[in-house]
>>> print(open('work07.pdb').read())   # PDB, C-alpha atoms (C1' of nucleotides)
ATOM      1  CA  MET A  47     -20.583 -12.193  -1.061
ATOM      2  CA  PHE A  48     -17.841 -11.316  -3.531
ATOM      3  CA  SER A  49     -17.071 -12.686  -6.945
ATOM      4  CA  ILE A  50     -13.480 -13.651  -7.616
ATOM      5  CA  GLY A  51     -13.000 -10.454  -9.606
ATOM      6  CA  GLU A  52     -14.170  -8.315  -6.719
ATOM      7  CA  LEU A  53     -11.898 -10.176  -4.333
ATOM      8  CA  SER A  54      -9.086  -9.551  -6.773
ATOM      9  CA  LYS A  55      -9.764  -5.815  -6.843
ATOM     10  CA  ARG A  56      -9.945  -5.552  -3.062
ATOM     11  CA  THR A  57      -6.795  -7.527  -2.334
ATOM     12  CA  LYS A  58      -4.806  -6.665  -5.468
ATOM     13  CA  VAL A  59      -4.203 -10.361  -6.031
ATOM     14  CA  LYS A  60      -4.805 -11.380  -9.633
ATOM     15  CA  VAL A  61      -7.686 -13.696 -10.420
ATOM     16  CA  PRO A  62      -5.597 -16.650 -11.674
ATOM     17  CA  THR A  63      -3.399 -16.287  -8.612
ATOM     18  CA  ILE A  64      -6.415 -16.605  -6.341
ATOM     19  CA  ARG A  65      -7.386 -19.820  -8.107
ATOM     20  CA  TYR A  66      -3.787 -20.978  -7.795
ATOM     21  CA  TYR A  67      -3.819 -20.373  -4.036
ATOM     22  CA  GLU A  68      -6.993 -22.388  -3.802
ATOM     23  CA  GLU A  69      -5.395 -25.242  -5.696
ATOM     24  CA  MET A  70      -2.359 -25.087  -3.397
ATOM     25  CA  GLY A  71      -4.653 -25.389  -0.399
ATOM     26  CA  LEU A  72      -4.001 -21.912   0.989
ATOM     27  CA  LEU A  73      -7.571 -20.875   0.433
ATOM     28  CA  SER A  74     -10.413 -23.217   1.228
ATOM     29  CA  GLU A  75     -12.877 -23.864  -1.546
ATOM     30  CA  PRO A  76     -15.542 -21.170  -1.530
ATOM     31  CA  GLU A  77     -19.228 -21.563  -2.150
ATOM     32  CA  ARG A  78     -20.392 -21.561  -5.728
ATOM     33  CA  THR A  79     -23.355 -20.056  -7.534
ATOM     34  CA  GLU A  80     -25.746 -22.307  -9.417
ATOM     35  CA  GLY A  81     -23.674 -21.529 -12.476
ATOM     36  CA  ASN A  82     -20.484 -22.750 -10.726
ATOM     37  CA  GLN A  83     -18.876 -19.380 -10.075
ATOM     38  CA  ARG A  84     -16.953 -18.753  -6.843
ATOM     39  CA  ARG A  85     -18.543 -16.574  -4.160
ATOM     40  CA  TYR A  86     -16.462 -15.455  -1.197
ATOM     41  CA  ASP A  87     -17.445 -14.178   2.247
ATOM     42  CA  VAL A  88     -15.547 -11.822   4.556
ATOM     43  CA  ALA A  89     -13.543 -14.717   6.026
ATOM     44  CA  GLY A  90     -12.270 -15.530   2.551
ATOM     45  CA  LEU A  91     -11.317 -11.921   2.006
ATOM     46  CA  GLU A  92      -9.405 -11.805   5.275
ATOM     47  CA  ARG A  93      -7.639 -15.038   4.545
ATOM     48  CA  LEU A  94      -6.504 -13.806   1.166
ATOM     49  CA  SER A  95      -5.313 -10.515   2.653
ATOM     50  CA  PHE A  96      -3.226 -12.489   5.110
ATOM     51  CA  ILE A  97      -1.680 -14.502   2.303
ATOM     52  CA  LYS A  98      -1.016 -11.444   0.193
ATOM     53  CA  HIS A  99       0.632  -9.676   3.065
ATOM     54  CA  ALA A 100       2.838 -12.640   3.865
ATOM     55  CA  ARG A 101       3.806 -13.073   0.203
ATOM     56  CA  ASP A 102       4.718  -9.386   0.010
ATOM     57  CA  LEU A 103       7.081 -10.023   2.903
ATOM     58  CA  GLY A 104       8.646 -12.846   0.922
ATOM     59  CA  PHE A 105       7.267 -15.821   2.832
ATOM     60  CA  SER A 106       7.033 -18.942   0.712
ATOM     61  CA  ILE A 107       3.742 -20.654   0.013
ATOM     62  CA  GLU A 108       4.891 -23.471   2.262
ATOM     63  CA  ALA A 109       5.674 -21.139   5.154
ATOM     64  CA  ILE A 110       2.308 -19.476   4.706
ATOM     65  CA  SER A 111       0.620 -22.869   4.853
ATOM     66  CA  GLU A 112       2.200 -23.444   8.229
ATOM     67  CA  LEU A 113       1.183 -20.016   9.463
ATOM     68  CA  ILE A 114      -2.396 -20.659   8.395
ATOM     69  CA  GLU A 115      -2.347 -24.013  10.134
ATOM     70  CA  LEU A 116      -1.344 -22.211  13.314
ATOM     71  CA  GLN A 117      -4.067 -19.619  12.912
ATOM     72  CA  GLY A 118      -6.524 -22.453  12.813
ATOM     73  CA  HIS A 119      -5.405 -23.655  16.245
ATOM     74  CA  PRO A 120      -5.530 -20.575  18.471
ATOM     75  CA  ASP A 121      -4.661 -22.622  21.550
ATOM     76  CA  ARG A 122      -1.330 -23.847  20.202
ATOM     77  CA  SER A 123       2.003 -22.263  21.055
ATOM     78  CA  CYS A 124       3.050 -19.597  18.620
ATOM     79  CA  GLN A 125       6.713 -20.549  18.797
ATOM     80  CA  ALA A 126       6.488 -21.944  15.271
ATOM     81  CA  ALA A 127       5.152 -18.666  13.879
ATOM     82  CA  THR A 128       7.983 -16.740  15.475
ATOM     83  CA  ASP A 129      10.479 -19.264  14.161
ATOM     84  CA  ILE A 130       9.180 -18.845  10.638
ATOM     85  CA  ALA A 131       9.404 -15.070  10.873
ATOM     86  CA  VAL A 132      12.933 -15.240  12.262
ATOM     87  CA  ALA A 133      14.019 -17.656   9.538
ATOM     88  CA  GLN A 134      12.562 -15.360   6.919
ATOM     89  CA  LEU A 135      14.401 -12.439   8.453
ATOM     90  CA  SER A 136      17.742 -14.170   8.314
ATOM     91  CA  GLU A 137      17.154 -15.154   4.703
ATOM     92  CA  VAL A 138      16.404 -11.562   3.834
ATOM     93  CA  LYS A 139      19.534 -10.420   5.639
ATOM     94  CA  ALA A 140      21.647 -12.941   3.752
ATOM     95  CA  LYS A 141      20.179 -11.805   0.446
ATOM     96  CA  ILE A 142      20.919  -8.190   1.243
ATOM     97  CA  LYS A 143      24.493  -9.020   2.098
ATOM     98  CA  ARG A 144      24.980 -10.877  -1.137
ATOM     99  CA  LEU A 145      23.372  -8.159  -3.205
ATOM    100  CA  ARG A 146      25.590  -5.527  -1.622
ATOM    101  CA  ALA A 147      28.658  -7.422  -2.798
ATOM    102  CA  LEU A 148      27.197  -7.636  -6.296
ATOM    103  CA  GLU A 149      26.340  -3.971  -6.237
ATOM    104  CA  LYS A 150      29.907  -3.064  -5.405
ATOM    105  CA  GLU A 151      31.235  -5.216  -8.207
ATOM    106  CA  LEU A 152      28.751  -3.874 -10.725
ATOM    107  CA  VAL A 153      29.554  -0.288  -9.824
ATOM    108  CA  ARG A 154      33.186  -1.021 -10.502
ATOM    109  CA  LEU A 155      32.269  -2.776 -13.710
ATOM    110  CA  SER A 156      30.112  -0.048 -15.145
ATOM    111  CA  LYS A 157      32.411   2.757 -14.059
ATOM    112  CA  GLY A 158      35.328   1.084 -15.778
ATOM    113  CA  CYS A 159      33.863   1.672 -19.205
ATOM    114  CA  ASP A 160      31.906   4.631 -20.531
ATOM    115  CA  GLY A 161      30.649   2.687 -23.530
ATOM    116  CA  GLY A 162      32.544   4.949 -25.872
ATOM    117  CA  GLY A 163      35.043   2.365 -26.999
ATOM    118  CA  VAL A 164      34.945  -0.769 -28.957
ATOM    119  CA  SER A 165      33.967  -4.211 -27.731
ATOM    120  CA  GLU A 166      37.483  -5.566 -27.952
ATOM    121  CA  ASP A 167      38.797  -3.170 -25.295
ATOM    122  CA  CYS A 168      35.683  -3.095 -23.149
ATOM    123  CA  TYR A 169      36.377  -3.254 -19.463
ATOM    124  CA  VAL A 170      32.984  -4.799 -18.746
ATOM    125  CA  LEU A 171      33.621  -7.706 -21.075
ATOM    126  CA  ALA A 172      37.211  -8.108 -19.914
ATOM    127  CA  SER A 173      36.151  -8.190 -16.291
ATOM    128  CA  LEU A 174      33.570 -10.835 -16.956
ATOM    129  CA  ALA A 175      36.022 -12.908 -18.925
ATOM    130  CA  ASP A 176      38.687 -12.840 -16.277
ATOM    131  CA  HIS A 177      38.093 -12.970 -12.579
ATOM    132  CA  LYS A 178      41.441 -11.363 -11.749
ATOM    133  CA  PHE A 179      40.008  -7.970 -12.697
ATOM    134  CA  CYS A 180      37.588  -8.265  -9.815
ATOM    135  CA  GLY A 181      37.840  -6.219  -6.672
ATOM    136  CA  ASN A 182      36.428  -8.836  -4.345
ATOM    137  CA  GLU A 183      35.187 -12.371  -4.028
ATOM    138  CA  HIS A 184      31.699 -13.214  -5.156
TER     139      HIS A 184
ATOM    140  CA  MET B 293      40.931 -31.401 -24.118
ATOM    141  CA  PHE B 294      38.606 -31.641 -21.132
ATOM    142  CA  SER B 295      35.682 -33.904 -20.472
ATOM    143  CA  ILE B 296      32.500 -32.280 -19.250
ATOM    144  CA  GLY B 297      33.282 -33.465 -15.729
ATOM    145  CA  GLU B 298      36.677 -31.822 -15.746
ATOM    146  CA  LEU B 299      35.186 -28.617 -17.076
ATOM    147  CA  SER B 300      32.663 -28.806 -14.291
ATOM    148  CA  LYS B 301      35.375 -29.152 -11.649
ATOM    149  CA  ARG B 302      37.411 -26.281 -13.033
ATOM    150  CA  THR B 303      34.512 -23.855 -13.368
ATOM    151  CA  LYS B 304      32.348 -25.103 -10.507
ATOM    152  CA  VAL B 305      29.392 -25.283 -12.866
ATOM    153  CA  LYS B 306      27.466 -28.514 -12.533
ATOM    154  CA  VAL B 307      27.483 -30.981 -15.399
ATOM    155  CA  PRO B 308      23.766 -30.801 -16.225
ATOM    156  CA  THR B 309      24.018 -27.016 -16.112
ATOM    157  CA  ILE B 310      26.775 -27.072 -18.714
ATOM    158  CA  ARG B 311      24.585 -29.153 -20.988
ATOM    159  CA  TYR B 312      21.747 -26.759 -20.306
ATOM    160  CA  TYR B 313      23.882 -23.777 -21.340
ATOM    161  CA  GLU B 314      24.749 -25.581 -24.524
ATOM    162  CA  GLU B 315      21.097 -26.188 -25.246
ATOM    163  CA  MET B 316      20.351 -22.514 -24.599
ATOM    164  CA  GLY B 317      23.005 -21.553 -27.107
ATOM    165  CA  LEU B 318      25.393 -19.958 -24.617
ATOM    166  CA  LEU B 319      28.036 -22.547 -25.309
ATOM    167  CA  SER B 320      28.725 -23.705 -28.807
ATOM    168  CA  GLU B 321      28.585 -27.430 -29.388
ATOM    169  CA  PRO B 322      31.946 -28.952 -28.552
ATOM    170  CA  GLU B 323      33.749 -31.710 -30.381
ATOM    171  CA  ARG B 324      32.813 -35.254 -29.524
ATOM    172  CA  THR B 325      34.769 -38.436 -29.043
ATOM    173  CA  GLU B 326      33.988 -41.446 -31.211
ATOM    174  CA  GLY B 327      31.778 -42.586 -28.379
ATOM    175  CA  ASN B 328      29.811 -39.314 -28.495
ATOM    176  CA  GLN B 329      31.192 -37.701 -25.358
ATOM    177  CA  ARG B 330      31.877 -33.965 -25.228
ATOM    178  CA  ARG B 331      35.481 -32.733 -25.359
ATOM    179  CA  TYR B 332      36.239 -29.084 -24.649
ATOM    180  CA  ASP B 333      39.230 -26.921 -25.484
ATOM    181  CA  VAL B 334      40.577 -23.874 -23.664
ATOM    182  CA  ALA B 335      38.208 -21.583 -25.538
ATOM    183  CA  GLY B 336      35.282 -23.578 -24.185
ATOM    184  CA  LEU B 337      36.670 -23.324 -20.691
ATOM    185  CA  GLU B 338      37.049 -19.566 -20.969
ATOM    186  CA  ARG B 339      33.607 -19.161 -22.375
ATOM    187  CA  LEU B 340      32.071 -21.104 -19.522
ATOM    188  CA  SER B 341      34.071 -19.119 -16.964
ATOM    189  CA  PHE B 342      32.663 -15.957 -18.483
ATOM    190  CA  ILE B 343      29.134 -17.286 -18.223
ATOM    191  CA  LYS B 344      29.632 -18.464 -14.666
ATOM    192  CA  HIS B 345      31.028 -15.150 -13.624
ATOM    193  CA  ALA B 346      28.183 -13.239 -15.214
ATOM    194  CA  ARG B 347      25.585 -15.553 -13.649
ATOM    195  CA  ASP B 348      27.184 -15.041 -10.249
ATOM    196  CA  LEU B 349      26.671 -11.344 -10.763
ATOM    197  CA  GLY B 350      23.010 -12.004 -11.450
ATOM    198  CA  PHE B 351      22.926 -11.425 -15.196
ATOM    199  CA  SER B 352      20.140 -13.319 -16.930
ATOM    200  CA  ILE B 353      20.841 -15.936 -19.552
ATOM    201  CA  GLU B 354      19.437 -13.537 -22.114
ATOM    202  CA  ALA B 355      21.742 -10.718 -21.051
ATOM    203  CA  ILE B 356      24.676 -13.094 -21.166
ATOM    204  CA  SER B 357      23.718 -14.093 -24.705
ATOM    205  CA  GLU B 358      23.939 -10.473 -25.736
ATOM    206  CA  LEU B 359      27.290 -10.036 -24.022
ATOM    207  CA  ILE B 360      28.638 -13.090 -25.801
ATOM    208  CA  GLU B 361      27.353 -11.765 -29.106
ATOM    209  CA  LEU B 362      29.323  -8.604 -28.464
ATOM    210  CA  GLN B 363      32.448 -10.509 -27.577
ATOM    211  CA  GLY B 364      32.184 -12.183 -30.941
ATOM    212  CA  HIS B 365      32.349  -8.804 -32.683
ATOM    213  CA  PRO B 366      35.397  -7.032 -31.223
ATOM    214  CA  ASP B 367      35.016  -4.122 -33.649
ATOM    215  CA  ARG B 368      31.526  -3.189 -32.474
ATOM    216  CA  SER B 369      30.837  -0.444 -29.965
ATOM    217  CA  CYS B 370      30.684  -1.648 -26.418
ATOM    218  CA  GLN B 371      27.882   0.714 -25.478
ATOM    219  CA  ALA B 372      25.501  -2.235 -25.290
ATOM    220  CA  ALA B 373      27.725  -4.064 -22.810
ATOM    221  CA  THR B 374      27.891  -1.039 -20.569
ATOM    222  CA  ASP B 375      24.135  -0.596 -20.851
ATOM    223  CA  ILE B 376      23.553  -4.166 -19.744
ATOM    224  CA  ALA B 377      25.857  -3.751 -16.763
ATOM    225  CA  VAL B 378      24.197  -0.496 -15.761
ATOM    226  CA  ALA B 379      20.742  -2.028 -16.058
ATOM    227  CA  GLN B 380      21.846  -4.945 -13.918
ATOM    228  CA  LEU B 381      23.225  -2.527 -11.354
ATOM    229  CA  SER B 382      19.996  -0.621 -11.086
ATOM    230  CA  GLU B 383      18.050  -3.846 -10.692
ATOM    231  CA  VAL B 384      20.329  -4.915  -7.888
ATOM    232  CA  LYS B 385      19.933  -1.534  -6.224
ATOM    233  CA  ALA B 386      16.162  -1.781  -6.447
ATOM    234  CA  LYS B 387      16.205  -5.252  -4.941
ATOM    235  CA  ILE B 388      18.361  -4.095  -2.054
ATOM    236  CA  LYS B 389      16.011  -1.232  -1.360
ATOM    237  CA  ARG B 390      13.029  -3.500  -1.301
ATOM    238  CA  LEU B 391      14.740  -6.068   0.880
ATOM    239  CA  ARG B 392      15.725  -3.402   3.384
ATOM    240  CA  ALA B 393      12.078  -2.475   3.809
ATOM    241  CA  LEU B 394      11.195  -6.118   4.323
ATOM    242  CA  GLU B 395      14.017  -6.528   6.789
ATOM    243  CA  LYS B 396      12.717  -3.643   8.857
ATOM    244  CA  GLU B 397       9.237  -5.072   8.888
ATOM    245  CA  LEU B 398      10.414  -8.551   9.766
ATOM    246  CA  VAL B 399      12.548  -7.271  12.615
ATOM    247  CA  ARG B 400       9.490  -5.555  14.019
ATOM    248  CA  LEU B 401       7.445  -8.677  13.468
ATOM    249  CA  SER B 402       9.792 -11.080  15.166
ATOM    250  CA  LYS B 403      10.598  -8.748  18.036
ATOM    251  CA  GLY B 404       6.903  -8.337  18.750
ATOM    252  CA  CYS B 405       6.545 -11.920  19.876
ATOM    253  CA  ASP B 406       8.940 -14.090  21.800
ATOM    254  CA  GLY B 407       7.109 -17.266  20.866
ATOM    255  CA  GLY B 408       6.196 -17.876  24.481
ATOM    256  CA  GLY B 409       2.492 -17.260  24.087
ATOM    257  CA  VAL B 410      -0.310 -18.920  22.331
ATOM    258  CA  SER B 411      -1.200 -18.656  18.655
ATOM    259  CA  GLU B 412      -4.372 -16.686  19.326
ATOM    260  CA  ASP B 413      -2.457 -13.736  20.784
ATOM    261  CA  CYS B 414       0.588 -13.982  18.537
ATOM    262  CA  TYR B 415       1.808 -10.642  17.275
ATOM    263  CA  VAL B 416       3.338 -12.231  14.186
ATOM    264  CA  LEU B 417       0.049 -13.739  13.118
ATOM    265  CA  ALA B 418      -1.905 -10.619  14.033
ATOM    266  CA  SER B 419       0.435  -8.435  12.013
ATOM    267  CA  LEU B 420       0.119 -10.622   8.984
ATOM    268  CA  ALA B 421      -3.642 -10.690   9.279
ATOM    269  CA  ASP B 422      -4.010  -6.953   9.518
ATOM    270  CA  HIS B 423      -1.934  -4.434   7.654
ATOM    271  CA  LYS B 424      -2.641  -1.693  10.145
ATOM    272  CA  PHE B 425      -0.105  -3.198  12.538
ATOM    273  CA  CYS B 426       2.613  -2.449  10.023
ATOM    274  CA  GLY B 427       5.205   0.206  10.530
ATOM    275  CA  ASN B 428       5.637   1.074   6.886
ATOM    276  CA  GLU B 429       4.445   0.503   3.373
ATOM    277  CA  HIS B 430       5.562  -2.597   1.531
TER     278      HIS B 430
ATOM    279  C1'  DT C 164     -37.809 -11.141 -22.819
ATOM    280  C1'  DG C 165     -33.765 -10.693 -25.692
ATOM    281  C1'  DT C 166     -29.161  -9.630 -26.301
ATOM    282  C1'  DA C 167     -24.631  -7.674 -25.867
ATOM    283  C1'  DG C 168     -20.663  -7.486 -23.363
ATOM    284  C1'  DT C 169     -18.030  -8.547 -19.607
ATOM    285  C1'  DG C 170     -16.793 -11.860 -16.179
ATOM    286  C1'  DT C 171     -15.906 -16.507 -15.041
ATOM    287  C1'  DC C 172     -15.049 -21.529 -15.734
ATOM    288  C1'  DT C 173     -11.527 -25.448 -16.620
ATOM    289  C1'  DC C 174      -7.600 -27.012 -18.800
ATOM    290  C1'  DT C 175      -3.136 -26.921 -20.852
ATOM    291  C1'  DA C 176       1.185 -24.999 -21.549
ATOM    292  C1'  DG C 177       4.819 -21.556 -20.774
ATOM    293  C1'  DT C 178       8.097 -18.803 -17.728
ATOM    294  C1'  DC C 179      13.314 -19.033 -15.556
ATOM    295  C1'  DA C 180      17.317 -21.458 -14.492
ATOM    296  C1'  DC C 181      18.090 -25.163 -13.362
ATOM    297  C1'  DT C 182      17.740 -30.193 -10.822
ATOM    298  C1'  DA C 183      16.614 -35.165 -10.497
ATOM    299  C1'  DG C 184      16.125 -39.576 -12.227
ATOM    300  C1'  DA C 185      15.817 -43.539 -15.489
ATOM    301  C1'  DG C 186      17.993 -46.445 -18.438
ATOM    302  C1'  DG C 187      21.643 -47.138 -21.349
ATOM    303  C1'  DT C 188      26.727 -46.438 -23.260
ATOM    304  C1'  DT C 189      31.759 -45.199 -23.003
ATOM    305  C1'  DC C 190      36.008 -44.425 -20.954
ATOM    306  C1'  DA C 191      40.293 -45.147 -18.180
ATOM    307  C1'  DA C 192      42.750 -47.628 -14.669
ATOM    308  C1'  DG C 193      44.453 -51.775 -13.084
TER     309       DG C 193
ATOM    310  C1'  DC D  11      39.689 -57.679 -20.150
ATOM    311  C1'  DT D  12      37.070 -56.250 -16.457
ATOM    312  C1'  DT D  13      35.236 -53.009 -13.367
ATOM    313  C1'  DG D  14      33.276 -48.885 -11.932
ATOM    314  C1'  DA D  15      32.977 -44.146 -12.564
ATOM    315  C1'  DA D  16      31.717 -40.901 -15.860
ATOM    316  C1'  DC D  17      29.020 -39.941 -19.642
ATOM    317  C1'  DC D  18      24.868 -39.962 -22.915
ATOM    318  C1'  DT D  19      19.726 -38.587 -23.978
ATOM    319  C1'  DC D  20      15.260 -37.921 -22.531
ATOM    320  C1'  DT D  21      11.504 -36.741 -19.553
ATOM    321  C1'  DA D  22       9.629 -34.574 -15.688
ATOM    322  C1'  DG D  23       9.757 -31.605 -11.586
ATOM    323  C1'  DT D  24      10.783 -27.130  -8.980
ATOM    324  C1'  DG D  25       8.212 -22.275  -7.291
ATOM    325  C1'  DA D  26       4.940 -19.073  -7.992
ATOM    326  C1'  DC D  27       2.771 -17.754 -10.986
ATOM    327  C1'  DT D  28       1.121 -16.067 -16.160
ATOM    328  C1'  DA D  29      -1.106 -16.633 -20.736
ATOM    329  C1'  DG D  30      -4.339 -18.402 -23.788
ATOM    330  C1'  DA D  31      -8.198 -21.270 -25.717
ATOM    331  C1'  DG D  32     -12.808 -22.330 -25.855
ATOM    332  C1'  DA D  33     -16.993 -22.551 -23.397
ATOM    333  C1'  DC D  34     -20.421 -20.953 -20.022
ATOM    334  C1'  DA D  35     -22.695 -17.372 -16.594
ATOM    335  C1'  DC D  36     -24.149 -13.087 -15.090
ATOM    336  C1'  DT D  37     -25.863  -8.250 -15.476
ATOM    337  C1'  DA D  38     -27.568  -4.034 -17.578
ATOM    338  C1'  DC D  39     -30.207  -2.096 -20.795
ATOM    339  C1'  DA D  40     -33.740  -1.962 -24.735
TER     340       DA D  40
END
>>> encode(input="work07.pdb", output="structure tokens")
Amino acid sequence: MFSIGELSKRTKVKVPTIRYYEEMGLLSEPERTEGNQRRYDVAGLERLSFIKHARDLGFSIEAISELIELQGHPDRSCQAATDIAVAQLSEVKAKIKRLRALEKELVRLSKGCDGGGVSEDCYVLASLADHKFCGNEH
Amino acid sequence: MFSIGELSKRTKVKVPTIRYYEEMGLLSEPERTEGNQRRYDVAGLERLSFIKHARDLGFSIEAISELIELQGHPDRSCQAATDIAVAQLSEVKAKIKRLRALEKELVRLSKGCDGGGVSEDCYVLASLADHKFCGNEH
DNA sequence: TGTAGTGTCTCTAGTCACTAGAGGTTCAAG
DNA sequence: CTTGAACCTCTAGTGACTAGAGACACTACA
């Protein structure tokens, strides 16, 4: 049996975050000591590792809830799990695309001014003030 | 003079967001009609366009505050503005890098299972449960 | 057995950048 | 002068935590 602190060390999930996951229903309520402290078993550890891993991949709490639901019904079709992963993938792709456009614009912005001048003539500030300086749409 | 709704249409910033920016000190308080409604001039429009543009590029409200401060002092060095832009650029680059790693992992994840099977054998769920299935660090 | 120090408990409030809604007032067109 | 859209303020909610207060529990050592 692990205390919440030990669980935290093993999974690298912070203690308040573990309690938060419990409150959100991602983790089932663990046993307690006589003094009301949480004690986790291996199943709890594995569950939290699953959550942590999914969060690291950017899945939302809600998506993780659904994945956990599925885990709990091993006989059900896993189409839903695949759908969630695919949706997550396309979100990530969209974010990357958007960030690339921003990157391009910011490179232009920061190359346009070496910081040696004075605010009045600053290319960064001028570019932000007026869209027509921009190289692309964003 | 523009009403807040007109300003909203011209800048594509939603009305409550404009009020929020005012509250945050990004926009100075505009004149009011006798009936207490906001009326903006061209300077207000330009200021909001600046903010919108910077937000679209991912600058934080705090960073934008600093940029506006600088704008207000045209004689000051623009080193700070360039610094902010460069910092923003490196953040964006870091995000892209991280998202690429996630993308790779998610591609692997969603290719591993066509959704045709049953939750118990699902590669997506198995991968999330156990890090050792992963192709890389994340 | 006593005690010191660390870990844990619950609860509230704060983060960021908005968004939604209630309930009331003002404006502009016809 | 009436109607209906736009506007006002205020509070509360979003997601996924994080921080802090004040109290209680556990463990190691004397």
>>> resolve_selection(input="work07.pdb", expression="the PyMOL selection byres ((chain D and resi 18-25) around 7)", output="NGL selection string")
(:C and (188)) or (:D and (17 or 26))
>>> resolve_selection(input="work07.pdb", expression="the PyMOL selection byres ((chain B and resi 333-337) around 9)", output="PDB file with C-alpha atoms, keeping the file's coordinate frame")
ATOM      1  CA  MET B 293      40.931 -31.401 -24.118  1.00  0.00           C
ATOM      2  CA  PHE B 294      38.606 -31.641 -21.132  1.00  0.00           C
ATOM      3  CA  LEU B 299      35.186 -28.617 -17.076  1.00  0.00           C
ATOM      4  CA  ARG B 302      37.411 -26.281 -13.033  1.00  0.00           C
ATOM      5  CA  THR B 303      34.512 -23.855 -13.368  1.00  0.00           C
ATOM      6  CA  LEU B 319      28.036 -22.547 -25.309  1.00  0.00           C
ATOM      7  CA  SER B 320      28.725 -23.705 -28.807  1.00  0.00           C
ATOM      8  CA  PRO B 322      31.946 -28.952 -28.552  1.00  0.00           C
ATOM      9  CA  GLU B 323      33.749 -31.710 -30.381  1.00  0.00           C
ATOM     10  CA  ARG B 331      35.481 -32.733 -25.359  1.00  0.00           C
ATOM     11  CA  TYR B 332      36.239 -29.084 -24.649  1.00  0.00           C
ATOM     12  CA  GLU B 338      37.049 -19.566 -20.969  1.00  0.00           C
ATOM     13  CA  ARG B 339      33.607 -19.161 -22.375  1.00  0.00           C
ATOM     14  CA  LEU B 340      32.071 -21.104 -19.522  1.00  0.00           C
ATOM     15  CA  SER B 341      34.071 -19.119 -16.964  1.00  0.00           C
ATOM     16  CA  PHE B 342      32.663 -15.957 -18.483  1.00  0.00           C
TER      17      PHE B 342
END
>>> axis_aligned_box(input="work07.pdb", around="stretch 312-319 of chain B", padding_each_side="6 Å", output="lines of an AutoDock Vina configuration file")
center_x = 24.2
center_y = -23.4
center_z = -23.7
size_x = 19.7
size_y = 18.8
size_z = 18.8
>>> interface_residues(input="work07.pdb", of="chain B", to="chain A", cutoff="8 Å", atoms="only C-alpha atoms", output="PyMOL selection string")
chain B and resi 338-339+341-343+345-346+348-350+359+362-363+365-375+377-378+380-381+384-385+387-388+391-392+394-395+398-399+401-402+405-414+416-417+420-423+430
>>> interface_residues(input="work07.pdb", of="chain C", to="chain B", cutoff="12 Å", atoms="all atoms listed in the file", output="NGL selection string")
:C and (179-183 or 188-190)
>>> decode(input="work07.pdb", residues="stretch 324-335 of chain B", atoms="N, CA and C atoms", output="short mmCIF file (atom, residue, chain, number, x, y, z; two decimals), in the first residue's frame")
data_model
loop_
_atom_site.label_atom_id
_atom_site.label_comp_id
_atom_site.auth_asym_id
_atom_site.auth_seq_id
_atom_site.Cartn_x
_atom_site.Cartn_y
_atom_site.Cartn_z
N ARG B 324 -17.87 58.26 -22.56
CA ARG B 324 -19.19 57.64 -22.43
C ARG B 324 -20.25 58.61 -22.94
N THR B 325 -21.34 58.04 -23.41
CA THR B 325 -22.49 58.87 -23.74
C THR B 325 -23.17 59.28 -22.44
N GLU B 326 -24.16 60.15 -22.56
CA GLU B 326 -24.93 60.54 -21.36
C GLU B 326 -25.54 59.31 -20.71
N GLY B 327 -25.92 58.37 -21.53
CA GLY B 327 -26.53 57.14 -21.04
C GLY B 327 -25.53 56.08 -20.61
N ASN B 328 -24.26 56.47 -20.49
CA ASN B 328 -23.21 55.60 -19.94
C ASN B 328 -22.68 54.53 -20.90
N GLN B 329 -22.92 54.71 -22.18
CA GLN B 329 -22.38 53.72 -23.13
C GLN B 329 -21.02 54.18 -23.66
N ARG B 330 -20.15 53.19 -23.93
CA ARG B 330 -18.79 53.51 -24.38
C ARG B 330 -18.78 54.06 -25.80
N ARG B 331 -17.96 55.07 -26.04
CA ARG B 331 -17.75 55.59 -27.39
C ARG B 331 -16.25 55.70 -27.64
N TYR B 332 -15.81 55.04 -28.72
CA TYR B 332 -14.38 54.97 -29.02
C TYR B 332 -14.00 55.87 -30.18
N ASP B 333 -12.77 56.36 -30.15
CA ASP B 333 -12.24 57.12 -31.29
C ASP B 333 -11.26 56.24 -32.06
N VAL B 334 -10.62 56.83 -33.07
CA VAL B 334 -9.72 56.06 -33.93
C VAL B 334 -8.55 55.50 -33.12
N ALA B 335 -8.08 56.27 -32.16
CA ALA B 335 -6.97 55.80 -31.33
C ALA B 335 -7.35 54.50 -30.61
#
